[in-house]
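Enquirer: Handing you a structure now.
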Amino acid sequence: MERWKDRVALVTGASMGIGAAVARALVQHGMKVVGCARSVDKIEKLAAECQSAGYPGTLIPYKCDLSNEEEILSMFSAIKTLHQGVDVCINNAGLAQPEPLLSGKTEGWRTMIDVNVMAVSICTREAYQSMKERNVDDGHIININSMNGHSVVHQSVVHFYSATKYAVTALTEGLRQELREAKTHIRATCISPGLVETGFAFKLHNNDPERAAATYESIRCLKAEDMANAVIYVLSAPPHVQIGDIQMRPTEQIS
């Protein structure tokens with residue numbers, strides 16, 4: 001990780017869960033981390049904790065609604081002005097809404113597409129353009145995907161969500177191919193977890209907190225820190241090694 005010291009990483013959805021854990025880990029390794037979310041209160045608190053702990057890097061909170069392209073473009077413009085540009089882009093933000101295919105609300109589907117697919121694509125494009133204009137040839141784009149992007153489970157409330165994550169699987173491989181065609185050494189990676197103990201299930205089952213809690217109590221789940229460790233592993237790989245997709249499940253998970 002030494003070569004990433006003082007370089008700039010963007011982490012979307014950095015206010016909690018996986019995003020917060022990844023942001024903390026990168027700051028511990030000396031990176032300048034722009035952590036974005038719709039609300040930055042928790043990121044500001046995390047930034048203060050990182051500073052108090054004496055970590056060598058810096059966490060910079062940035063308020064951004066990833067469903068709004070203008071806000072994304074404004075964020076990248078601000079990063080260019082203040083920090084030259086992005087060297088690592090970690091597309092972590094994502095959400096699931098309980099909208100089945102046969103009865104779901106169009107608004108819920110559209111929100112999932114906007115955040116899980118469009119925001120990932122826009123941030124990827126802008127990060128690449130940032131690297132290209134500064135002749136950065138060793139950057140990295142990491143998409144936090146899901147095992148739902150590799151298999152469809154028997155739960156109607158996540159079928160549309162699963163479709164968006166299948167899109168992330170395809171987008172990451174397409175990105176890898178386009179980067180090769182561009183003759184750059186920028187790398188693209190997917191990290192696809194199974195059950196991770198975050199607030200994800202409570203948002204999915206927002207009307208049934210008992211069901212959400214049971215999701216995490218049934219087995220020993222992955223932790224957000226496990227995901228952060230995977231990100232560090234990916235970034236630490238030698239320049240000639242491109243890790244395409246890490247699929248991570250709790251040992252006890254069946255599906």
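Every chain in the structure tokens takes a letter, A first, then B, and so on in the order presented; its residues are numbered from 1, and the ligands are numbered from 1 following the presented order.
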Pull the closest atom pair for each residue of segment 28-102 of chain A that gets at most 10 Å from segment 137-158 of chain A, along with the distance in Å to one decimal, counting only C-alpha atoms, ordering rows by chain and then ascending residue number, as CSV.

Expert:
residue,atom,partner,partner_atom,distance
A:Val86,CA,A:Gly139,CA,8.3
A:Asp87,CA,A:Gly139,CA,5.0
A:Val88,CA,A:His140,CA,4.9
A:Cys89,CA,A:Ile141,CA,4.8
A:Ile90,CA,A:Ile142,CA,4.7
A:Asn91,CA,A:Asn143,CA,4.8
A:Asn92,CA,A:Ile144,CA,4.9
A:Ala93,CA,A:Ile144,CA,7.9
A:Gly94,CA,A:Ile144,CA,8.4
A:Ala96,CA,A:Val158,CA,6.9
A:Gln97,CA,A:Val157,CA,7.3
A:Pro98,CA,A:Val157,CA,4.4
A:Glu99,CA,A:Val157,CA,5.4
A:Pro100,CA,A:Val157,CA,4.9
A:Leu101,CA,A:Ser156,CA,7.3
A:Leu102,CA,A:Ser156,CA,8.8

Enquirer: Store the residues of this selection in a file with all heavy atoms, as a tab-separated table (two decimals), in the first residue's frame.

Expert:
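The resulting file, result37.tsv, is shown below:
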chain	number	residue	atom	x	y	z
A	86	VAL	N	-8.84	12.14	-8.94
A	86	VAL	CA	-9.07	10.85	-8.28
A	86	VAL	C	-8.10	9.80	-8.83
A	86	VAL	O	-7.95	9.66	-10.04
A	86	VAL	CB	-10.53	10.39	-8.51
A	86	VAL	CG1	-10.73	8.97	-8.01
A	86	VAL	CG2	-11.49	11.34	-7.83
A	87	ASP	N	-7.45	9.08	-7.92
A	87	ASP	CA	-6.57	7.98	-8.32
A	87	ASP	C	-7.22	6.62	-8.09
A	87	ASP	O	-6.91	5.65	-8.78
A	87	ASP	CB	-5.27	8.04	-7.52
A	87	ASP	CG	-4.51	9.35	-7.75
A	87	ASP	OD1	-4.24	9.68	-8.91
A	87	ASP	OD2	-4.23	10.05	-6.76
A	88	VAL	N	-8.09	6.55	-7.09
A	88	VAL	CA	-8.83	5.33	-6.78
A	88	VAL	C	-10.30	5.70	-6.61
A	88	VAL	O	-10.62	6.65	-5.89
A	88	VAL	CB	-8.31	4.67	-5.48
A	88	VAL	CG1	-9.20	3.50	-5.06
A	88	VAL	CG2	-6.87	4.21	-5.64
A	89	CYS	N	-11.18	4.98	-7.28
A	89	CYS	CA	-12.61	5.22	-7.14
A	89	CYS	C	-13.27	3.95	-6.63
A	89	CYS	O	-13.17	2.89	-7.28
A	89	CYS	CB	-13.23	5.62	-8.48
A	89	CYS	SG	-15.02	5.89	-8.42
A	90	ILE	N	-13.90	4.04	-5.47
A	90	ILE	CA	-14.57	2.88	-4.89
A	90	ILE	C	-16.07	3.15	-4.89
A	90	ILE	O	-16.58	3.94	-4.09
A	90	ILE	CB	-14.04	2.59	-3.48
A	90	ILE	CG1	-12.54	2.29	-3.57
A	90	ILE	CG2	-14.80	1.41	-2.86
A	90	ILE	CD1	-11.86	2.07	-2.26
A	91	ASN	N	-16.75	2.52	-5.83
A	91	ASN	CA	-18.20	2.66	-5.97
A	91	ASN	C	-18.89	1.72	-4.99
A	91	ASN	O	-19.16	0.56	-5.30
A	91	ASN	CB	-18.63	2.35	-7.41
A	91	ASN	CG	-18.16	3.41	-8.39
A	91	ASN	OD1	-18.41	4.60	-8.21
A	91	ASN	ND2	-17.48	2.98	-9.45
A	92	ASN	N	-19.12	2.25	-3.80
A	92	ASN	CA	-19.69	1.43	-2.74
A	92	ASN	C	-21.19	1.66	-2.55
A	92	ASN	O	-21.92	0.74	-2.20
A	92	ASN	CB	-18.96	1.71	-1.42
A	92	ASN	CG	-19.74	1.23	-0.22
A	92	ASN	OD1	-19.83	0.03	0.03
A	92	ASN	ND2	-20.33	2.16	0.52
A	93	ALA	N	-21.66	2.88	-2.77
A	93	ALA	CA	-23.06	3.21	-2.49
A	93	ALA	C	-24.00	2.31	-3.28
A	93	ALA	O	-23.82	2.07	-4.47
A	93	ALA	CB	-23.33	4.67	-2.82
A	94	GLY	N	-25.01	1.82	-2.60
A	94	GLY	CA	-26.02	0.97	-3.24
A	94	GLY	C	-27.19	0.79	-2.30
A	94	GLY	O	-27.06	0.99	-1.10
A	96	ALA	N	-31.26	-1.33	-1.76
A	96	ALA	CA	-32.32	-2.24	-2.21
A	96	ALA	C	-33.64	-1.75	-1.64
A	96	ALA	O	-33.71	-1.35	-0.48
A	96	ALA	CB	-32.04	-3.66	-1.73
A	97	GLN	N	-34.65	-1.77	-2.44
A	97	GLN	CA	-35.99	-1.44	-1.98
A	97	GLN	C	-36.90	-2.64	-2.26
A	97	GLN	O	-36.74	-3.31	-3.28
A	97	GLN	CB	-36.51	-0.17	-2.66
A	97	GLN	CG	-35.67	1.05	-2.31
A	97	GLN	CD	-36.34	2.36	-2.68
A	97	GLN	OE1	-37.35	2.39	-3.36
A	97	GLN	NE2	-35.76	3.45	-2.21
A	98	PRO	N	-37.83	-2.92	-1.34
A	98	PRO	CA	-38.65	-4.14	-1.46
A	98	PRO	C	-39.74	-4.01	-2.53
A	98	PRO	O	-40.92	-3.90	-2.21
A	98	PRO	CB	-39.24	-4.29	-0.06
A	98	PRO	CG	-39.35	-2.88	0.45
A	98	PRO	CD	-38.16	-2.15	-0.12
A	99	GLU	N	-39.32	-4.01	-3.78
A	99	GLU	CA	-40.25	-3.83	-4.90
A	99	GLU	C	-40.17	-5.02	-5.85
A	99	GLU	O	-39.32	-5.07	-6.74
A	99	GLU	CB	-39.91	-2.53	-5.65
A	99	GLU	CG	-39.84	-1.27	-4.79
A	99	GLU	CD	-41.18	-0.87	-4.19
A	99	GLU	OE1	-42.22	-1.49	-4.55
A	99	GLU	OE2	-41.20	0.07	-3.38
A	100	PRO	N	-41.05	-6.03	-5.66
A	100	PRO	CA	-41.03	-7.22	-6.52
A	100	PRO	C	-41.32	-6.88	-7.98
A	100	PRO	O	-41.83	-5.80	-8.30
A	100	PRO	CB	-42.15	-8.09	-5.93
A	100	PRO	CG	-42.33	-7.60	-4.53
A	100	PRO	CD	-42.05	-6.13	-4.59
A	101	LEU	N	-41.03	-7.81	-8.86
A	101	LEU	CA	-41.23	-7.59	-10.29
A	101	LEU	C	-42.71	-7.51	-10.66
A	101	LEU	O	-43.09	-6.77	-11.57
A	101	LEU	CB	-40.57	-8.72	-11.09
A	101	LEU	CG	-39.05	-8.86	-10.90
A	101	LEU	CD1	-38.55	-10.05	-11.70
A	101	LEU	CD2	-38.33	-7.59	-11.31
A	102	LEU	N	-43.57	-8.25	-9.98
A	102	LEU	CA	-44.98	-8.29	-10.34
A	102	LEU	C	-45.82	-7.20	-9.68
A	102	LEU	O	-46.93	-6.91	-10.14
A	102	LEU	CB	-45.58	-9.66	-10.00
A	102	LEU	CG	-44.96	-10.86	-10.71
A	102	LEU	CD1	-45.68	-12.14	-10.33
A	102	LEU	CD2	-44.99	-10.66	-12.23

Enquirer: What's the 8 Å shell around segment 67-76 of chain A, counting only C-alpha atoms, without same-chain residues fewer than 6 positions away, as a list in words?

Expert: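 Counting only C-alpha atoms, the residues come to Gly85, Thr111, Asp114, Val115, Met118, Ala119, Ile122, Cys123, Glu126 and Ala127 of chain A.
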
Enquirer: Just the residues within 9 Å of segment 4-17 of chain A, please, counting only C-alpha atoms, with nothing from its chain fewer than 6 positions along; format it as a PyMOL selection string.

Expert: chain A and resi 23+26+29-44+46+56-58+61+64+66+79+83-94+127+196-200+223-225+235-236

Enquirer: Can you write out the residues you just picked, keeping N, CA and C atoms, as a tab-separated table (two decimals), in the first residue's frame?

Expert:
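Output contents, as saved in out-v6.tsv:
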chain	number	residue	atom	x	y	z
A	23	ALA	N	-13.30	3.64	4.05
A	23	ALA	CA	-12.71	4.97	4.19
A	23	ALA	C	-11.70	4.99	5.32
A	26	LEU	N	-8.45	3.11	4.36
A	26	LEU	CA	-7.60	3.84	3.41
A	26	LEU	C	-6.87	4.99	4.10
A	29	HIS	N	-3.93	3.86	5.87
A	29	HIS	CA	-2.80	3.59	4.98
A	29	HIS	C	-2.28	4.87	4.30
A	30	GLY	N	-2.70	6.02	4.81
A	30	GLY	CA	-2.10	7.27	4.36
A	30	GLY	C	-2.71	7.93	3.15
A	31	MET	N	-3.90	7.50	2.74
A	31	MET	CA	-4.51	8.10	1.57
A	31	MET	C	-5.36	9.32	1.93
A	32	LYS	N	-5.53	10.20	0.96
A	32	LYS	CA	-6.51	11.29	1.08
A	32	LYS	C	-7.83	10.73	0.56
A	33	VAL	N	-8.80	10.63	1.43
A	33	VAL	CA	-10.05	9.97	1.07
A	33	VAL	C	-11.19	10.98	1.06
A	34	VAL	N	-11.83	11.12	-0.09
A	34	VAL	CA	-13.05	11.90	-0.19
A	34	VAL	C	-14.21	10.93	0.03
A	35	GLY	N	-14.89	11.09	1.14
A	35	GLY	CA	-16.02	10.23	1.46
A	35	GLY	C	-17.31	10.97	1.21
A	36	CYS	N	-18.16	10.45	0.35
A	36	CYS	CA	-19.38	11.17	0.01
A	36	CYS	C	-20.62	10.40	0.44
A	37	ALA	N	-21.67	11.15	0.72
A	37	ALA	CA	-22.98	10.60	1.07
A	37	ALA	C	-23.98	11.75	1.02
A	38	ARG	N	-25.25	11.42	1.07
A	38	ARG	CA	-26.28	12.47	1.08
A	38	ARG	C	-26.24	13.29	2.36
A	39	SER	N	-25.82	12.64	3.45
A	39	SER	CA	-25.65	13.33	4.72
A	39	SER	C	-24.23	13.07	5.20
A	40	VAL	N	-23.53	14.13	5.62
A	40	VAL	CA	-22.11	13.98	5.96
A	40	VAL	C	-21.84	14.02	7.46
A	41	ASP	N	-22.87	14.09	8.28
A	41	ASP	CA	-22.65	14.17	9.73
A	41	ASP	C	-21.79	13.01	10.23
A	42	LYS	N	-22.12	11.79	9.81
A	42	LYS	CA	-21.38	10.62	10.29
A	42	LYS	C	-19.98	10.58	9.70
A	43	ILE	N	-19.81	11.08	8.48
A	43	ILE	CA	-18.47	11.11	7.88
A	43	ILE	C	-17.60	12.13	8.61
A	44	GLU	N	-18.19	13.26	8.98
A	44	GLU	CA	-17.45	14.27	9.74
A	44	GLU	C	-16.99	13.69	11.08
A	46	LEU	N	-16.45	10.50	11.70
A	46	LEU	CA	-15.41	9.52	11.40
A	46	LEU	C	-14.09	10.23	11.09
A	56	PRO	N	-2.23	8.45	9.32
A	56	PRO	CA	-1.42	9.29	8.43
A	56	PRO	C	-2.20	9.94	7.28
A	57	GLY	N	-3.36	9.40	6.95
A	57	GLY	CA	-4.15	9.96	5.87
A	57	GLY	C	-5.17	10.97	6.36
A	58	THR	N	-6.05	11.38	5.45
A	58	THR	CA	-7.07	12.38	5.76
A	58	THR	C	-8.39	11.96	5.15
A	61	PRO	N	-15.01	14.86	4.11
A	61	PRO	CA	-16.44	14.62	3.87
A	61	PRO	C	-16.94	15.47	2.70
A	64	CYS	N	-23.14	14.66	-1.29
A	64	CYS	CA	-23.49	14.40	-2.69
A	64	CYS	C	-24.64	13.40	-2.76
A	66	LEU	N	-26.09	10.86	-5.02
A	66	LEU	CA	-25.61	10.11	-6.19
A	66	LEU	C	-26.70	9.82	-7.21
A	79	ILE	N	-13.13	17.99	-6.44
A	79	ILE	CA	-11.96	17.16	-6.16
A	79	ILE	C	-10.80	17.59	-7.05
A	83	HIS	N	-7.86	18.77	-4.94
A	83	HIS	CA	-6.94	17.64	-4.75
A	83	HIS	C	-6.39	17.09	-6.06
A	84	GLN	N	-6.45	17.85	-7.14
A	84	GLN	CA	-5.96	17.47	-8.47
A	84	GLN	C	-6.84	16.45	-9.19
A	85	GLY	N	-7.29	15.42	-8.48
A	85	GLY	CA	-8.13	14.43	-9.14
A	85	GLY	C	-8.19	13.13	-8.35
A	86	VAL	N	-8.84	12.14	-8.94
A	86	VAL	CA	-9.07	10.85	-8.28
A	86	VAL	C	-8.10	9.80	-8.83
A	87	ASP	N	-7.45	9.08	-7.92
A	87	ASP	CA	-6.57	7.98	-8.32
A	87	ASP	C	-7.22	6.62	-8.09
A	88	VAL	N	-8.09	6.55	-7.09
A	88	VAL	CA	-8.83	5.33	-6.78
A	88	VAL	C	-10.30	5.70	-6.61
A	89	CYS	N	-11.18	4.98	-7.28
A	89	CYS	CA	-12.61	5.22	-7.14
A	89	CYS	C	-13.27	3.95	-6.63
A	90	ILE	N	-13.90	4.04	-5.47
A	90	ILE	CA	-14.57	2.88	-4.89
A	90	ILE	C	-16.07	3.15	-4.89
A	91	ASN	N	-16.75	2.52	-5.83
A	91	ASN	CA	-18.20	2.66	-5.97
A	91	ASN	C	-18.89	1.72	-4.99
A	92	ASN	N	-19.12	2.25	-3.80
A	92	ASN	CA	-19.69	1.43	-2.74
A	92	ASN	C	-21.19	1.66	-2.55
A	93	ALA	N	-21.66	2.88	-2.77
A	93	ALA	CA	-23.06	3.21	-2.49
A	93	ALA	C	-24.00	2.31	-3.28
A	94	GLY	N	-25.01	1.82	-2.60
A	94	GLY	CA	-26.02	0.97	-3.24
A	94	GLY	C	-27.19	0.79	-2.30
A	127	ALA	N	-14.06	9.29	-13.00
A	127	ALA	CA	-12.78	8.90	-12.39
A	127	ALA	C	-11.76	8.58	-13.46
A	196	VAL	N	-23.49	-9.24	4.87
A	196	VAL	CA	-22.60	-8.40	5.66
A	196	VAL	C	-23.45	-7.70	6.72
A	197	GLU	N	-23.00	-7.73	7.95
A	197	GLU	CA	-23.78	-7.14	9.04
A	197	GLU	C	-23.66	-5.61	9.00
A	198	THR	N	-24.60	-5.00	8.30
A	198	THR	CA	-24.68	-3.54	8.20
A	198	THR	C	-26.15	-3.16	8.41
A	199	GLY	N	-26.51	-1.94	8.08
A	199	GLY	CA	-27.90	-1.52	8.18
A	199	GLY	C	-28.73	-1.85	6.95
A	200	PHE	N	-28.13	-2.60	6.02
A	200	PHE	CA	-28.77	-2.87	4.72
A	200	PHE	C	-30.13	-3.54	4.89
A	223	LYS	N	-18.33	-8.92	8.37
A	223	LYS	CA	-18.31	-7.59	8.96
A	223	LYS	C	-17.86	-6.58	7.91
A	224	ALA	N	-18.21	-5.33	8.13
A	224	ALA	CA	-17.77	-4.28	7.20
A	224	ALA	C	-16.25	-4.26	7.10
A	225	GLU	N	-15.57	-4.56	8.20
A	225	GLU	CA	-14.11	-4.58	8.20
A	225	GLU	C	-13.55	-5.68	7.30
A	235	LEU	N	-6.00	-3.47	-3.66
A	235	LEU	CA	-5.11	-2.34	-3.96
A	235	LEU	C	-3.65	-2.71	-3.76
A	236	SER	N	-3.38	-3.70	-2.93
A	236	SER	CA	-2.00	-4.09	-2.62
A	236	SER	C	-1.41	-5.04	-3.65

Enquirer: Run DSSP on the backbone and grab whatever in segment 45-119 of chain A lands in alpha helix (DSSP H); send it over as number ranges by chain.

Expert: A: 45-52, 69-83, 106-113, 119

Enquirer: State, in Å with one decimal place, the distance from atom CA of Ser162 of chain A to atom CA of Met112 of chain A.

Expert: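 Straight-line distance from atom CA of Ser162 of chain A to atom CA of Met112 of chain A works out to 10.1 Å.
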
Enquirer: Write out as a list in words all residues of segment 62-157 of chain A that backbone DSSP assigns to strand (DSSP E).

Expert: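 Of segment 62-157 of chain A, the ones in strand (DSSP E) are Tyr62, Lys63, Val88, Cys89, Ile90, Asn91, His140, Ile141, Ile142, Asn143 and Ile144 of chain A.
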
Enquirer: Please produce an output containing all heavy atoms for each residue in the selection, written as a PDB file, in the first residue's frame.

Expert:
ATOM      1  N   TYR A  62     -17.829  14.887   1.887  1.00  0.00           N
ATOM      2  CA  TYR A  62     -18.419  15.642   0.785  1.00  0.00           C
ATOM      3  C   TYR A  62     -19.885  15.235   0.631  1.00  0.00           C
ATOM      4  O   TYR A  62     -20.181  14.050   0.484  1.00  0.00           O
ATOM      5  CB  TYR A  62     -17.666  15.408  -0.525  1.00  0.00           C
ATOM      6  CG  TYR A  62     -18.018  16.425  -1.586  1.00  0.00           C
ATOM      7  CD1 TYR A  62     -17.253  17.563  -1.781  1.00  0.00           C
ATOM      8  CD2 TYR A  62     -19.152  16.258  -2.386  1.00  0.00           C
ATOM      9  CE1 TYR A  62     -17.585  18.514  -2.734  1.00  0.00           C
ATOM     10  CE2 TYR A  62     -19.511  17.205  -3.333  1.00  0.00           C
ATOM     11  CZ  TYR A  62     -18.721  18.322  -3.503  1.00  0.00           C
ATOM     12  OH  TYR A  62     -19.072  19.270  -4.437  1.00  0.00           O
ATOM     13  N   LYS A  63     -20.751  16.197   0.658  1.00  0.00           N
ATOM     14  CA  LYS A  63     -22.184  15.940   0.536  1.00  0.00           C
ATOM     15  C   LYS A  63     -22.560  15.784  -0.940  1.00  0.00           C
ATOM     16  O   LYS A  63     -22.303  16.673  -1.760  1.00  0.00           O
ATOM     17  CB  LYS A  63     -22.975  17.097   1.153  1.00  0.00           C
ATOM     18  CG  LYS A  63     -24.487  16.923   1.156  1.00  0.00           C
ATOM     19  CD  LYS A  63     -25.160  18.117   1.827  1.00  0.00           C
ATOM     20  CE  LYS A  63     -26.679  18.051   1.745  1.00  0.00           C
ATOM     21  NZ  LYS A  63     -27.214  16.875   2.456  1.00  0.00           N
ATOM     22  N   VAL A  88      -8.089   6.548  -7.092  1.00  0.00           N
ATOM     23  CA  VAL A  88      -8.829   5.327  -6.780  1.00  0.00           C
ATOM     24  C   VAL A  88     -10.297   5.701  -6.609  1.00  0.00           C
ATOM     25  O   VAL A  88     -10.618   6.654  -5.890  1.00  0.00           O
ATOM     26  CB  VAL A  88      -8.314   4.671  -5.481  1.00  0.00           C
ATOM     27  CG1 VAL A  88      -9.199   3.504  -5.063  1.00  0.00           C
ATOM     28  CG2 VAL A  88      -6.869   4.211  -5.639  1.00  0.00           C
ATOM     29  N   CYS A  89     -11.179   4.977  -7.275  1.00  0.00           N
ATOM     30  CA  CYS A  89     -12.615   5.222  -7.140  1.00  0.00           C
ATOM     31  C   CYS A  89     -13.270   3.946  -6.629  1.00  0.00           C
ATOM     32  O   CYS A  89     -13.169   2.889  -7.280  1.00  0.00           O
ATOM     33  CB  CYS A  89     -13.230   5.624  -8.483  1.00  0.00           C
ATOM     34  SG  CYS A  89     -15.022   5.886  -8.420  1.00  0.00           S
ATOM     35  N   ILE A  90     -13.898   4.044  -5.469  1.00  0.00           N
ATOM     36  CA  ILE A  90     -14.569   2.883  -4.892  1.00  0.00           C
ATOM     37  C   ILE A  90     -16.068   3.147  -4.887  1.00  0.00           C
ATOM     38  O   ILE A  90     -16.585   3.940  -4.093  1.00  0.00           O
ATOM     39  CB  ILE A  90     -14.043   2.587  -3.476  1.00  0.00           C
ATOM     40  CG1 ILE A  90     -12.543   2.287  -3.565  1.00  0.00           C
ATOM     41  CG2 ILE A  90     -14.800   1.407  -2.861  1.00  0.00           C
ATOM     42  CD1 ILE A  90     -11.861   2.070  -2.257  1.00  0.00           C
ATOM     43  N   ASN A  91     -16.754   2.518  -5.833  1.00  0.00           N
ATOM     44  CA  ASN A  91     -18.201   2.663  -5.973  1.00  0.00           C
ATOM     45  C   ASN A  91     -18.886   1.721  -4.989  1.00  0.00           C
ATOM     46  O   ASN A  91     -19.163   0.565  -5.299  1.00  0.00           O
ATOM     47  CB  ASN A  91     -18.626   2.352  -7.409  1.00  0.00           C
ATOM     48  CG  ASN A  91     -18.161   3.409  -8.387  1.00  0.00           C
ATOM     49  OD1 ASN A  91     -18.407   4.596  -8.205  1.00  0.00           O
ATOM     50  ND2 ASN A  91     -17.475   2.982  -9.447  1.00  0.00           N
ATOM     51  N   HIS A 140      -7.159   2.750  -9.974  1.00  0.00           N
ATOM     52  CA  HIS A 140      -7.960   1.551  -9.723  1.00  0.00           C
ATOM     53  C   HIS A 140      -9.414   1.948  -9.502  1.00  0.00           C
ATOM     54  O   HIS A 140      -9.696   2.912  -8.784  1.00  0.00           O
ATOM     55  CB  HIS A 140      -7.439   0.812  -8.486  1.00  0.00           C
ATOM     56  CG  HIS A 140      -7.630  -0.663  -8.542  1.00  0.00           C
ATOM     57  ND1 HIS A 140      -6.622  -1.576  -8.289  1.00  0.00           N
ATOM     58  CD2 HIS A 140      -8.721  -1.410  -8.846  1.00  0.00           C
ATOM     59  CE1 HIS A 140      -7.091  -2.805  -8.420  1.00  0.00           C
ATOM     60  NE2 HIS A 140      -8.385  -2.722  -8.763  1.00  0.00           N
ATOM     61  N   ILE A 141     -10.316   1.219 -10.118  1.00  0.00           N
ATOM     62  CA  ILE A 141     -11.757   1.407  -9.924  1.00  0.00           C
ATOM     63  C   ILE A 141     -12.315   0.115  -9.343  1.00  0.00           C
ATOM     64  O   ILE A 141     -12.177  -0.954  -9.941  1.00  0.00           O
ATOM     65  CB  ILE A 141     -12.454   1.766 -11.249  1.00  0.00           C
ATOM     66  CG1 ILE A 141     -11.922   3.108 -11.778  1.00  0.00           C
ATOM     67  CG2 ILE A 141     -13.978   1.826 -11.056  1.00  0.00           C
ATOM     68  CD1 ILE A 141     -12.323   3.423 -13.208  1.00  0.00           C
ATOM     69  N   ILE A 142     -12.898   0.227  -8.159  1.00  0.00           N
ATOM     70  CA  ILE A 142     -13.412  -0.943  -7.455  1.00  0.00           C
ATOM     71  C   ILE A 142     -14.913  -0.784  -7.249  1.00  0.00           C
ATOM     72  O   ILE A 142     -15.364   0.205  -6.664  1.00  0.00           O
ATOM     73  CB  ILE A 142     -12.717  -1.118  -6.084  1.00  0.00           C
ATOM     74  CG1 ILE A 142     -11.212  -1.322  -6.284  1.00  0.00           C
ATOM     75  CG2 ILE A 142     -13.324  -2.298  -5.325  1.00  0.00           C
ATOM     76  CD1 ILE A 142     -10.427  -1.377  -4.981  1.00  0.00           C
ATOM     77  N   ASN A 143     -15.670  -1.734  -7.739  1.00  0.00           N
ATOM     78  CA  ASN A 143     -17.125  -1.728  -7.557  1.00  0.00           C
ATOM     79  C   ASN A 143     -17.510  -2.711  -6.461  1.00  0.00           C
ATOM     80  O   ASN A 143     -17.184  -3.902  -6.539  1.00  0.00           O
ATOM     81  CB  ASN A 143     -17.827  -2.122  -8.857  1.00  0.00           C
ATOM     82  CG  ASN A 143     -17.641  -1.086  -9.955  1.00  0.00           C
ATOM     83  OD1 ASN A 143     -17.493   0.109  -9.674  1.00  0.00           O
ATOM     84  ND2 ASN A 143     -17.648  -1.519 -11.206  1.00  0.00           N
ATOM     85  N   ILE A 144     -18.178  -2.201  -5.427  1.00  0.00           N
ATOM     86  CA  ILE A 144     -18.706  -3.097  -4.394  1.00  0.00           C
ATOM     87  C   ILE A 144     -20.016  -3.668  -4.928  1.00  0.00           C
ATOM     88  O   ILE A 144     -21.023  -2.974  -5.014  1.00  0.00           O
ATOM     89  CB  ILE A 144     -18.921  -2.360  -3.062  1.00  0.00           C
ATOM     90  CG1 ILE A 144     -17.617  -1.698  -2.609  1.00  0.00           C
ATOM     91  CG2 ILE A 144     -19.438  -3.335  -2.011  1.00  0.00           C
ATOM     92  CD1 ILE A 144     -16.454  -2.637  -2.389  1.00  0.00           C
TER      93      ILE A 144
END

Enquirer: Write out as a ChimeraX atom specification each polymer residue whose atoms come within 6 Å of Thr189 of chain A, counting only C-alpha atoms; drop sequence neighbours fewer than 4 positions from it.

Expert: /A:142,243-245
